[in-house]
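First the structure, in the form of structure tokens, and then the observations on it.
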Amino acid sequence: MKTKRYSAKIAQLAVEIVVAAAVAVVLFPFIWIFLASIKPSHLVSEPDVWVFTPSLSNWIEVVAGSEVPRNVLNSLIVSVSTVVIALLVGCPAAYSFSRFKAGGASRFAILAAEMMPPAILILPLFLVFYRLGLIDSLAGVIITHLTLVVPVVTWFLISFFDEVPRELEEQAMIDGCTQFQAFWRVVLPTIRPGIAAASVFGFVLSWNDLFYALILTGGESRTLPVAIAGFWTFRGVDMGKMAVAILLAVVPILVVSFFVQKHLIRGLGGGAVKT
């Protein structure tokens, strides 16, 4: 009996060590970036220096003396707009694929944009936006990001609609709802975990995009990833200010994940209805 309890404690300790190691691997980059953001300028390029007098000069210069706050706002406008439009398009599309088998076997083609290198899309999009006067505008970036996010959201939600029993809609229609009312009042609330998870994935895709934003934006329309890349100049990398901008880029994702974490976990588990 004692041997079993001893073995169980050893196994639990081993699991805790593995979990602690995994957490350390995940958190180490964040800790390193934070320390770089508060290091004095002459120590930023010294990664092995762990004891120093903290300085807020990088934070003050980035937050109060640069265009980064505007770049953060631009990224928020682009990401939120992209996710909202993607859900408005992706939810009905996924419902159609699930309920009416729209597209048949070719529905896999909606992921074609995800499989192609971004360079294939950027040239025709650039020429179209140039004619429409959308170069150096947030609208052009939002439209471009929709080519990435709408397929992901649609494909992600198909499995959640598949899990919703048809009897729920039929019962709602017997009670007097139209097909659209049954979809809006019964089906959509049922797959809220899936919508939350799809929203987070779409937000992260749009928020982290550098390739399209680097080509389509400039000046006041620059997004945050482009601004972060801008700290790499011909004089070298301004690591202290770049570290501050990187931390600012992480905050919205953490906030979004925190508020939808309950639905996100259920959504990642694919348990829209089963849970």
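Ligands are numbered from 1 in the order shown, residues from 1 within each chain, and chains are lettered A, B, ... in the order they appear in the structure tokens.
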
Practice item. Excluding stretch 48-53 of chain A and residues on its chain fewer than 6 positions from it, collect all residues at most 12 Å away from it, counting only C-alpha atoms, and give them as a ChimeraX atom specification. Key: /A:31-32,34-36,38-42

Which stretch 144-227 of chain A residues have any atom within 12 Å of an atom of stretch 232-240 of chain A, and for each, what is the nearest pair of atoms with distance in Å to one decimal, counting only C-alpha atoms, rows sorted by chain and number, as a tab-separated table?
```
residue	atom	partner	partner_atom	distance
A:Pro225	CA	A:Trp232	CA	11.9
A:Val226	CA	A:Trp232	CA	10.4
A:Ala227	CA	A:Trp232	CA	9.5
```

Practice item. May I ask for the distance between atom CA of A:Val186 and atom CA of A:Leu146, given in Å to one decimal place? Key: 26.8 Å

Exercise for review: Just the residues within 12 Å of A:Leu214, please, counting only C-alpha atoms, with nothing from its chain fewer than 3 positions along; format it as an NGL selection string.
Suggested key: :A and (122 or 126 or 135-138 or 140-141 or 208-211 or 217-219 or 221-230)

Review point. Between A:Ser96, A:Thr82, A:Gln179, A:Thr147, which is the closest to A:Glu114 once you count only C-alpha atoms?
Key: A:Thr147

Point to revise | Residue nearest A:Val152 - candidates A:Gly202, A:Pro47, A:Pro29, A:Gly194, atoms counted: only C-alpha atoms | key: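 Among A:Gly202, A:Pro47, A:Pro29, A:Gly194, it is A:Gly202 that comes nearest to A:Val152.
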